[in-house]
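Engineer: Below are the structure tokens for one structure; questions will follow.
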Amino acid sequence: MTLRGKVQQAYANRAWIPNSLTALRLIGGIALIFLPLPSMAFYIVYVVCGLTDLLDGFLARRLKTASAFGAKLDSVADLTFYIVAMIRMLPCLRKRLPGWIWYVVAFVLALRLAAYLVAAIRLHRFAAVHTLANKATGAMVFGVGPMLLTSALTPYCIALAIVAAFSSAEELIMHLRETPAQN
């Protein structure tokens with residue numbers, strides 16, 4: 001099929017709608033690098049990215065246009081947005097959170113990295129599983145931005161660390177149990 005045929009097919013099946021929202025999150029995540037924090041512009045882009053995260057998968061399922069490409073684009077957009085947002089918010093978080101919590105964050109990140117590495121080594125592919133625990137973690141990570149404006153940041157981040165540790169361990173176990181594809 002030609003590129004034009006693929007574009008026409010994508011337009012006809014409305015896959016462009018959720019994929020455009022996902023692409024918008026990817027662009028917004030990159031834009032956060034250049035926006036000052038705290039600023040209204042940063043939080044507007046931050047909220048738009050969060051809304052696209054909620055809507056793209058919902059619309060893909062609702063319009064029956066979910067695809068492997070869309071799922072991969074979603075994972076890339078999520079990682080870009082959350083990594084950039086956390087890096088940008090890190091100076092504020094370092095000032096406000098107790099020192100010991102960073103050891104917990106390192107542990108959770110090590111679990112998450114182990115899950116990705118197991119998938120890459122055993123399954124020969126990148127794999128980010130969209131479990132309920134991962135969705136809860138993503139929602140709670142998104143909540144860190146607004147929580148910077150409150151006095152409840154530390155207890156919120158402790159709860160986030162617990163949920164993130166569970167979701168990372170769950171994904172690691174899933175990858176360890178999955179049967180590798182035969183070549």
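In the structure tokens, each chain is lettered A, B, ... as it comes, each chain's residues begin at 1, and ligands are numbered from 1 in order of appearance.
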For range 56-63 of chain A, work out the shell of residues within 8 Å, counting only C-alpha atoms and skipping chain neighbours fewer than 5 positions away, then give it as number ranges by chain.

Structural biologist: A: 14-15, 17-19, 21-22

Engineer: If you keep N, CA, C and O atoms, can you produce a file of those selected residues as a PDB file, in the first residue's frame?

Structural biologist:
ATOM      1  N   ARG A  14     -10.430   6.843  11.375  1.00  0.00           N
ATOM      2  CA  ARG A  14     -10.358   7.806  12.487  1.00  0.00           C
ATOM      3  C   ARG A  14      -9.226   7.536  13.470  1.00  0.00           C
ATOM      4  O   ARG A  14      -9.223   8.063  14.571  1.00  0.00           O
ATOM      5  N   ALA A  15      -8.250   6.716  13.118  1.00  0.00           N
ATOM      6  CA  ALA A  15      -7.115   6.462  13.997  1.00  0.00           C
ATOM      7  C   ALA A  15      -6.315   7.736  14.242  1.00  0.00           C
ATOM      8  O   ALA A  15      -5.614   7.839  15.248  1.00  0.00           O
ATOM      9  N   ILE A  17      -7.334  10.526  15.190  1.00  0.00           N
ATOM     10  CA  ILE A  17      -7.822  11.316  16.331  1.00  0.00           C
ATOM     11  C   ILE A  17      -7.043  10.968  17.607  1.00  0.00           C
ATOM     12  O   ILE A  17      -6.379  11.841  18.184  1.00  0.00           O
ATOM     13  N   PRO A  18      -7.072   9.713  18.077  1.00  0.00           N
ATOM     14  CA  PRO A  18      -6.296   9.417  19.284  1.00  0.00           C
ATOM     15  C   PRO A  18      -4.791   9.550  19.068  1.00  0.00           C
ATOM     16  O   PRO A  18      -4.068  10.000  19.969  1.00  0.00           O
ATOM     17  N   ASN A  19      -4.308   9.200  17.867  1.00  0.00           N
ATOM     18  CA  ASN A  19      -2.865   9.323  17.611  1.00  0.00           C
ATOM     19  C   ASN A  19      -2.428  10.788  17.612  1.00  0.00           C
ATOM     20  O   ASN A  19      -1.317  11.103  18.034  1.00  0.00           O
ATOM     21  N   LEU A  21      -3.807  13.147  19.474  1.00  0.00           N
ATOM     22  CA  LEU A  21      -3.759  13.522  20.890  1.00  0.00           C
ATOM     23  C   LEU A  21      -2.460  13.032  21.535  1.00  0.00           C
ATOM     24  O   LEU A  21      -1.830  13.748  22.316  1.00  0.00           O
ATOM     25  N   THR A  22      -2.068  11.804  21.194  1.00  0.00           N
ATOM     26  CA  THR A  22      -0.829  11.250  21.733  1.00  0.00           C
ATOM     27  C   THR A  22       0.364  12.068  21.243  1.00  0.00           C
ATOM     28  O   THR A  22       1.271  12.380  22.028  1.00  0.00           O
TER      29      THR A  22
END

Engineer: How close does each residue of range 23-111 of chain A get to range 128-137 of chain A, giving the shortest atom pair and distance in Å to one decimal for every residue with an atom at most 12 Å away, counting only C-alpha atoms, sorted by chain and residue number, as a Markdown table?

Structural biologist:
| residue | atom | partner | partner_atom | distance |
| --- | --- | --- | --- | --- |
| A:Asp53 | CA | A:Lys135 | CA | 10.1 |
| A:Leu54 | CA | A:Lys135 | CA | 9.8 |
| A:Gly57 | CA | A:His130 | CA | 10.5 |
| A:Ala71 | CA | A:His130 | CA | 9.2 |
| A:Lys72 | CA | A:Ala128 | CA | 8.7 |
| A:Leu73 | CA | A:Ala128 | CA | 11.4 |
| A:Asp74 | CA | A:Ala128 | CA | 10.0 |
| A:Ser75 | CA | A:Ala128 | CA | 6.9 |
| A:Val76 | CA | A:Ala128 | CA | 9.7 |
| A:Asp78 | CA | A:Ala128 | CA | 10.4 |
| A:Leu79 | CA | A:Ala128 | CA | 10.0 |
| A:Tyr82 | CA | A:Thr137 | CA | 11.0 |
| A:Val108 | CA | A:Thr137 | CA | 11.3 |

Engineer: Pick out the residues sitting within 7 Å of Val105 in chain A, and hand them over as a list of chain:residue names; count only C-alpha atoms, and ignore anything fewer than 4 positions along from it in its own chain.

Structural biologist: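 The residues that qualify are A:Ile101, A:Leu109, A:Ala161.
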
Engineer: Selected residues, N, CA, C and O atoms, written as a PDB file, in the first residue's frame, please.

Structural biologist:
ATOM      1  N   ILE A 101      13.495   9.769  51.076  1.00  0.00           N
ATOM      2  CA  ILE A 101      12.558   9.366  50.030  1.00  0.00           C
ATOM      3  C   ILE A 101      13.268   9.135  48.693  1.00  0.00           C
ATOM      4  O   ILE A 101      12.803   8.366  47.853  1.00  0.00           O
ATOM      5  N   LEU A 109      12.807   3.140  40.607  1.00  0.00           N
ATOM      6  CA  LEU A 109      13.362   3.287  39.259  1.00  0.00           C
ATOM      7  C   LEU A 109      14.171   2.054  38.863  1.00  0.00           C
ATOM      8  O   LEU A 109      14.126   1.628  37.697  1.00  0.00           O
ATOM      9  N   ALA A 161       5.107   6.526  46.010  1.00  0.00           N
ATOM     10  CA  ALA A 161       6.226   5.575  46.006  1.00  0.00           C
ATOM     11  C   ALA A 161       5.738   4.145  46.245  1.00  0.00           C
ATOM     12  O   ALA A 161       6.226   3.200  45.609  1.00  0.00           O
TER      13      ALA A 161
END

Engineer: Just checking: using only C-alpha atoms, which residue out of A:Ala23, A:Pro146, A:Pro98, A:Leu32 ends up closest to Gly70 in chain A?

Structural biologist: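 Selected residue with least distance to Gly70 in chain A: A:Ala23.
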
Engineer: Fewer than 3 positions away in the same chain doesn't count, so skip those; otherwise give me all residues within 8 Å of Ile30 in chain A, counting only C-alpha atoms, as a list of chain:residue names.

Structural biologist: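 Counting only C-alpha atoms, the residues come to A:Leu26, A:Ile27, A:Ile33, A:Phe34, A:Thr80, A:Phe81, A:Val84.
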
Engineer: With only C-alpha atoms as the basis for distance, which of A:Met174, A:Cys49, A:Phe42, A:Cys157 is at the shortest distance from Trp102 in chain A?

Structural biologist: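 Result for the nearest residue to Trp102 in chain A: A:Cys157.
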
Engineer: When DSSP works through the backbone of this structure, what residues of chain A end up as helix (DSSP H, G or I), shown as number ranges by chain?

Structural biologist: A: 3-12, 16-34, 40-62, 68-96, 101-123, 132-147, 153-177

Engineer: Could you tell me how far CA of Ala165 in chain A sits from CA of Tyr46 in chain A, in Å to one decimal place?

Structural biologist: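 Distance between the two atoms: 24.0 Å.
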
Engineer: Suppose you want the space between CA of Val48 in chain A and CA of Ala127 in chain A; what is it in Å?

Structural biologist: 25.6 Å

Engineer: Between A:Leu148, A:Leu176, A:Thr154, A:Pro36, which one has atoms that come closest to Gly99 in chain A, using only C-alpha atoms?

Structural biologist: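 Ranking A:Leu148, A:Leu176, A:Thr154, A:Pro36 by distance to Gly99 in chain A, first place goes to A:Thr154.
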
Engineer: Measure the distance from CA of Ala68 in chain A to CA of Val141 in chain A in Å and round it to one decimal.

Structural biologist: 24.7 Å

Engineer: Would you please work out which residue, of A:Leu117, A:Met40, A:Leu3, A:Leu51, is nearest to Leu24 in chain A when using only C-alpha atoms?

Structural biologist: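 Closest to Leu24 in chain A of all the choices is A:Leu51.
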
Engineer: Excluding Ala110 in chain A and residues on its chain fewer than 5 positions from it, collect all residues at most 12 Å away from it, counting only C-alpha atoms, and give them as JSON, numbers by chain.

Structural biologist: {"A": [103, 104, 105, 115, 116, 117, 118, 164, 165, 168, 169, 172]}
